[in-house]
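Before any comments, here is the structure.
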Number of protein chains: 2
Amino acid sequence: MAEHQIVFDQSEPITVLEGMKLADAAVQAGIFINQPCGGQGRCGRCAVQVLSGEVRRRSTLRLSKEDVENGFALACQTVILDDVSIHVPDQDVLERRLTSSLSAHEVEVPSGYDYKRHQTLRRIPLSLPPPTMDDQRDDWSRLDLAIRQEVGFSSLTISLPTLRRIGAVLREGNWEVTAVVNLNNLTSSEGERSGTLIGLLPGHVPESEPLWGISVDIGTTTVTVWLVDLISGKVEAQTAEYNRQIQLGEDVISRIIFSSKNNGQEELKALVLKSINGLIDRACSKVNHQLQSESAKSNGSVAPKALCQPERIMKATVAGNSTMLHLLLGIPAESIRLSPFVTAINYLPVLTAREVGFQIFPEASIHCLPNVASYVGADITAGVHASGLDKTDEVSLFLDIGTNGEMVLGNEDWLVTCACSAGPAFEGAGVHDGMRATHGAIEEVWIDGETYEPTLNIIGDIQPKGLCGSGLISLIAEMFLTGVIDKGGNFNSHLPTERIRKKKNGWEYVLAWGDETKTGHDIAITRVDIDNLLRAKAAIYAGITVLADSIGVPLETVTQVLIGGSFGKYINVEKAVQIGMLPDLPWKHFHFLGNTSVLGAYQAILSDDSMRQIKEIANRMTYIELSADNSFYEAFTSALFLPHTDLTRFPSVTEMLEEMPHTLVREF
Amino acid sequence: MAEHQIVFDQSEPITVLEGMKLADAAVQAGIFINQPCGGQGRCGRCAVQVLSGEVRRRSTLRLSKEDVENGFALACQTVILDDVSIHVPDQDVLERRLTSSLSAHEVEVPSGYDYKRHQTLRRIPLSLPPPTMDDQRDDWSRLDLAIRQEVGFSSLTISLPTLRRIGAVLREGNWEVTAVVNLNNLTSSEGERSGTLIGLLPGHVPESEPLWGISVDIGTTTVTVWLVDLISGKVEAQTAEYNRQIQLGEDVISRIIFSSKNNGQEELKALVLKSINGLIDRACSKVNHQLQSESAKSNGSVAPKALCQPERIMKATVAGNSTMLHLLLGIPAESIRLSPFVTAINYLPVLTAREVGFQIFPEASIHCLPNVASYVGADITAGVHASGLDKTDEVSLFLDIGTNGEMVLGNEDWLVTCACSAGPAFEGAGVHDGMRATHGAIEEVWIDGETYEPTLNIIGDIQPKGLCGSGLISLIAEMFLTGVIDKGGNFNSHLPTERIRKKKNGWEYVLAWGDETKTGHDIAITRVDIDNLLRAKAAIYAGITVLADSIGVPLETVTQVLIGGSFGKYINVEKAVQIGMLPDLPWKHFHFLGNTSVLGAYQAILSDDSMRQIKEIANRMTYIELSADNSFYEAFTSALFLPHTDLTRFPSVTEMLEEMPHTLVREF
């Protein structure tokens, strides 16, 4: 057999036989390559870059097409065919690359965005004829007519607080003013168009000055605020923090219960407003800091008007689940929780910052995106729009999974949606050592297929405190693939490892011993935990199948799985497929879109047409209430196994199981 | 000459010669008959009722046609032709009759008022299908659709505060509810109609239960609130009190100046709201008191729901002058005062009680009537509508005179209006012993043509404190007719009375000596006072002539003079004609309409069509700015004399002067 010369970075060349795996060659060269999955080609952590020479890749799972084109290969799955030169990336860099591929891309301004055509909020410079003894029209008539003539609108409304200010501004500006107007019905014929005067500024605001808006996503866990220049369309700052309501309840149900007690409604409203208003301040500071450091570089100073102050923000769009929108607005949400599960309102009227409590320009218009049902909220209508699901001719699946899994199946012609109560298991609750995805959470687990020893990825690289949702999914998948548990979730007590042990409450698998953990206690997963997780994943998969069955579309025909929400940020899709939570579709069919809710809100703040499309999405969606659907219960029961009762639904998982000689898929 | 038997009430019959005056017969019979004008047939205070027998009336000034038909005659102007039986009315009764004829009649519901056809505020009983698992529409969609189907409207809006309540009310009423909706565009075709959900009540409100509204008139001096049952259309309570803003300024100008200082705007707003909200409480109490005393009579008790609470008032209309409306709404009014005298707004949007500060149902809609100009406000558009000026084919003059005189000339085809700054003389200011028409004010003066002794009518029948506007007008007229002053306002120092005297500051006429007054000081009118009053009356007459000239209509063709506002309540028209303030037209052409501003607001609260007509009036009115009009100055100068430079304009006054041999119309 031919011999080849192998060089790892600057190491001394070594000689190996053709056909040796790169991972083994690295061991021979004394180079450390991480293989948390035990060299099974599942984790992608052993990726190296082939700088020259020929290799054969047995598997490229976890590598993108671009990665392969750039020479990346999994050391455990790649055999040597030639003299090769290898670069071993720094593990940190590798981690970052893997992680960043899971998070949202930088936000791009929608192509073709034209403030003057798409934006409903307009700055209209006006030079008014001053009143004289021969022209004693009242201030408002004078202004109203001038604005309407300028934009060709038939009617304009004005609020009392704005009315109180116009006289002073008109005179301060010596009848040169800039009206900030929100236009409705941009697409209607002239006679039907109307608008609202939001504000009036003295003088003519230069076109170059930004016109600020914010897009807000209120998640049960995280609140996100994007600060947008409505002229350029650019997102100038992104901020996010935990929803402060968390302290009064982890999930929507507990918050609804809290809201119906005493002053609960008010408290919850105040907390989420504190989050939002804090984020608005932070976003403004970010922008100003950047402006100031840019001008410092050029030894200039920033004009005060160029700085962003919260009170200069004139428009907002808000997405979020139905409960979050109700709680934000102080609308009782009790009916969301109780059968037959209805919201108070899905299509919210345009409100003002003053009445909502956003600390921005008080008359700024607040546009809430529409809900569809109690558990399919504006986050989903926004997400569907942001994902493009409603405009594609391919059958596509949109998923947003947190405590509840919301899913939409459809294309440009039809849309069907449902929500399944996945329970809080994926958010770390209902699991003994579960926690949210914060510092100290185990977010990824690899189990060596031979030693059954785990490798843990911990958020913040500190000692572990517990398992978050993504960690739990990868743990279940790894336990299943390595045979620690069977397809029913039962432990294989015969395996040669002390990590599988029996305690008072039954069998469990220990991920970390007390002396390795932050808490000093062992971190383990129990049979009860596994059952909770199986129910959660089964609910999601069953929801997806019910959607597909309701339309009569086989799941295999889905060519896009669009994953929004925080879910996509943290979870390995193949793990989720391995446990049977997501349908077994080619890796390339899955697209992580990041926070599609705020993305949809961002698109809606830029364009009247986007807002209209989102309303259309809400209108077009057929909502299936799973708790009233018998087929859901059947689908759920079938999905309680790993990956599923019907293995033909998971061909890639079946194939993988068959490739693992040491793993017996049987009931223990 | 024939002798006749005369009986006064129960007195002994006396025998008199035919042709004797009733007044002289009364003296002979020892019966006291009041003759403050000295038997000149001007005051009407000697009216008696002829029960039987024939008399000849030389003059029936101050008596209506009905009075004469009922046998009334002026004792000083009536001669005996027969045996007659006379009733001498109690002086109090006479006063009351004379006074009540000057005040507003009881308010009649506009004929043909039909709540279901004319009223924009509707109570709509609804029986909604409760939500089920098969019908999970949100509460608002369910309600919105049901209401729109019921009233045939295309769109309905809802405020955030109402939105916060609907879920609870729907469930409290077990899906039987009554929606209170304000409808717009009642007259439009179905597709264009829209409405606002004002409130939602659990259960079906019985049709018999009142639906409350208020009509408000904010005068500079007096605030009036009428409580109206919008179902029957009846005014159930009328209340009025001084505008509490008076403490911060007597007239609109001083209030505007106050409003532009420090916290003035807020203080003025708070004060007028205190007046209005206090009146609302009083109106409700009045109604409840009546209900309770009625039911006590029938040994019943009033159902709590039948009682009127302020928070059950669901709609309001508001009239008032432009400044008062600005100050009520906290809209800066400074521009009203400064050339070129423009308001901030004439057509106010529909507002809510919450934002205006009316303490009624917070979402009640507040409809302000439209202004025309800085000094022709909603009180005038309301007044023109209430007076019917805009619907008559006769050339008519509408007058509302206070500090400013507002006047409208027109008919169904055209309307022209102006406002003249009459100054505060008619409100008692700018006159040494002037005061407002409160307790102790001399409101009517008669001067004996022979003795020059005055007879005073004092409000509250107490010792006099000063002169109010009506007192001043009647004083000037009496002084002129009796020759105390000449047509230029100069005193006739040669008359045999010590009441005409010269003091440091010039000549004056003493109405009451110090020992007869509340203050202990003499009450007198000076030359300076007279000049102020002449300027005030000249401004009003000049305004009227400018209006007539602008159209080319001779004043003589005016067949109706419609007098609204508080002016008509207190002033004798013939006195006002005698001094040349009002045009010299037949007495029957003058109509006192009382508070036409609140009357117009009342008509507007009942009927969408009235509201529309008032807006049309505001649109149709051609406003003439007198301060920019040269012809006004000429007319003003000509009107500075008593009654006018051109005596042919005042034929009846000329005739009266000619009938008074002792009065020399000359300059002294």
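Note on naming: chains are A, B, ... as they come in the structure tokens, residues start from 1 per chain, ligands start from 1 in the order shown.
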
Which of region 361-432 of chain A DSSP labels strand (DSSP E or B), written as a list in words: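 Those in region 361-432 of chain A that DSSP calls strand (DSSP E or B) are Ser365, Ile366, His367, Cys368, Ala373, Val376, Ser396, Leu397, Phe398, Leu399, Asp400, Ile401, Asn404, Gly405, Glu406, Met407, Val408, Leu409, Gly410, Leu415, Val416, Thr417, Cys418, Ala419, Cys420 and Ser421 of chain A.
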
Spatial neighbours of Ile563 (chain B), max dist 8 Å, only C-alpha atoms, sep filter under 4 positions, as an MDAnalysis selection string: chainID B and resid 398:400 567:568 590:594

Distance of CA of Asp24 (chain B) from CA of Gln40 (chain B), expressed in Å to one decimal place: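 CA of Asp24 (chain B) lies 13.2 Å from CA of Gln40 (chain B).
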
Interface, chain B side, toward chain A (9 Å; only C-alpha atoms) as a VMD selection string: chain B and resid 131 to 141 157 to 161 163 to 168 326 329 to 335 339 to 349 351 355 to 356 372 to 374 625 627 to 628

DSSP alpha helix (DSSP H) selection over region 400-645 of chain A, as number ranges by chain: A: 469-481, 527-551, 567-570, 573-578, 596-606, 608-620, 630-638

Spatial neighbours of region 401-413 of chain A, max dist 6 Å, only C-alpha atoms, sep filter under 6 positions, as a PyMOL selection string: chain A and resi 389-393+395+419-424+567

Long-range neighbours of Leu200 (chain A) as a ChimeraX atom specification, 6 Å cut-off, only C-alpha atoms, 3 positions minimum in chain: /A:178-180

Contacts of Ser194 (chain B) at 12 Å (only C-alpha atoms; same-chain gap of 4+ positions) as a list in words: Thr120, Asp144, Ile147, Arg148, Val151, Gly152, Phe153, Ser154, Ser155, Leu156, Thr157, Ile158, Val181, Asn182, Leu183, Asn184, Asn185, Leu186, Thr187, Ser188, Ser189 and Glu190 of chain B

Spatial neighbours of region 598-600 of chain B, max dist 8 Å, only C-alpha atoms, sep filter under 4 positions, as a PyMOL selection string: chain B and resi 215-217+224-226+318-319+379+381-386+604

Selection to disk with C-alpha atoms, as an mmCIF file, in the first residue's frame:
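This is the output file part_23.cif:
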data_model
loop_
_atom_site.group_PDB
_atom_site.id
_atom_site.type_symbol
_atom_site.label_atom_id
_atom_site.label_comp_id
_atom_site.auth_asym_id
_atom_site.auth_seq_id
_atom_site.Cartn_x
_atom_site.Cartn_y
_atom_site.Cartn_z
ATOM 1 C CA SER B 215 -74.857 69.478 26.027
ATOM 2 C CA VAL B 216 -72.456 72.068 27.321
ATOM 3 C CA ASP B 217 -72.111 75.742 26.610
ATOM 4 C CA THR B 224 -74.376 75.742 31.153
ATOM 5 C CA VAL B 225 -74.914 72.001 31.185
ATOM 6 C CA TRP B 226 -78.052 70.277 30.013
ATOM 7 C CA VAL B 318 -69.784 71.372 23.502
ATOM 8 C CA ALA B 319 -70.362 74.896 22.272
ATOM 9 C CA ASP B 379 -71.500 79.477 20.317
ATOM 10 C CA THR B 381 -72.579 78.419 14.786
ATOM 11 C CA ALA B 382 -74.713 76.659 17.406
ATOM 12 C CA GLY B 383 -76.788 79.802 17.861
ATOM 13 C CA VAL B 384 -77.393 80.305 14.175
ATOM 14 C CA HIS B 385 -78.593 76.731 13.913
ATOM 15 C CA ALA B 386 -80.779 76.980 17.023
ATOM 16 C CA ALA B 604 -76.502 68.636 17.782
#

Non-local contacts of Val7 (chain B) (12 Å; only C-alpha atoms; under 6 positions in same chain excluded) as a list in words: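 So the residues in contact are Pro13, Ile14, Thr15, Val16, Leu22, Ala25, Ala26, Gln28, Ala29, Gly30, Ile31, Gln49, Val50, Leu51, Ser52, Gly53, Ile80, Asp82, Asp83, Val84, Ser85, Ile86, His87 and Val88 of chain B.
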
Computed interatomic separation between CA of Gly195 (chain A) and CA of Ser365 (chain A) (Å): 11.3 Å

Closest of B:Arg527, B:Arg337, B:Arg620, B:Arg117 to Ile231 (chain B) - atom-to-atom distances counting only C-alpha atoms: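 Closest residue, counting only C-alpha atoms: B:Arg117.
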
Pick from B:Ala146, B:Val27, B:Leu128, B:Ile33, whichever lies nearest to Asp90 (chain B) using only C-alpha atoms: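 Closest residue, counting only C-alpha atoms: B:Ile33.
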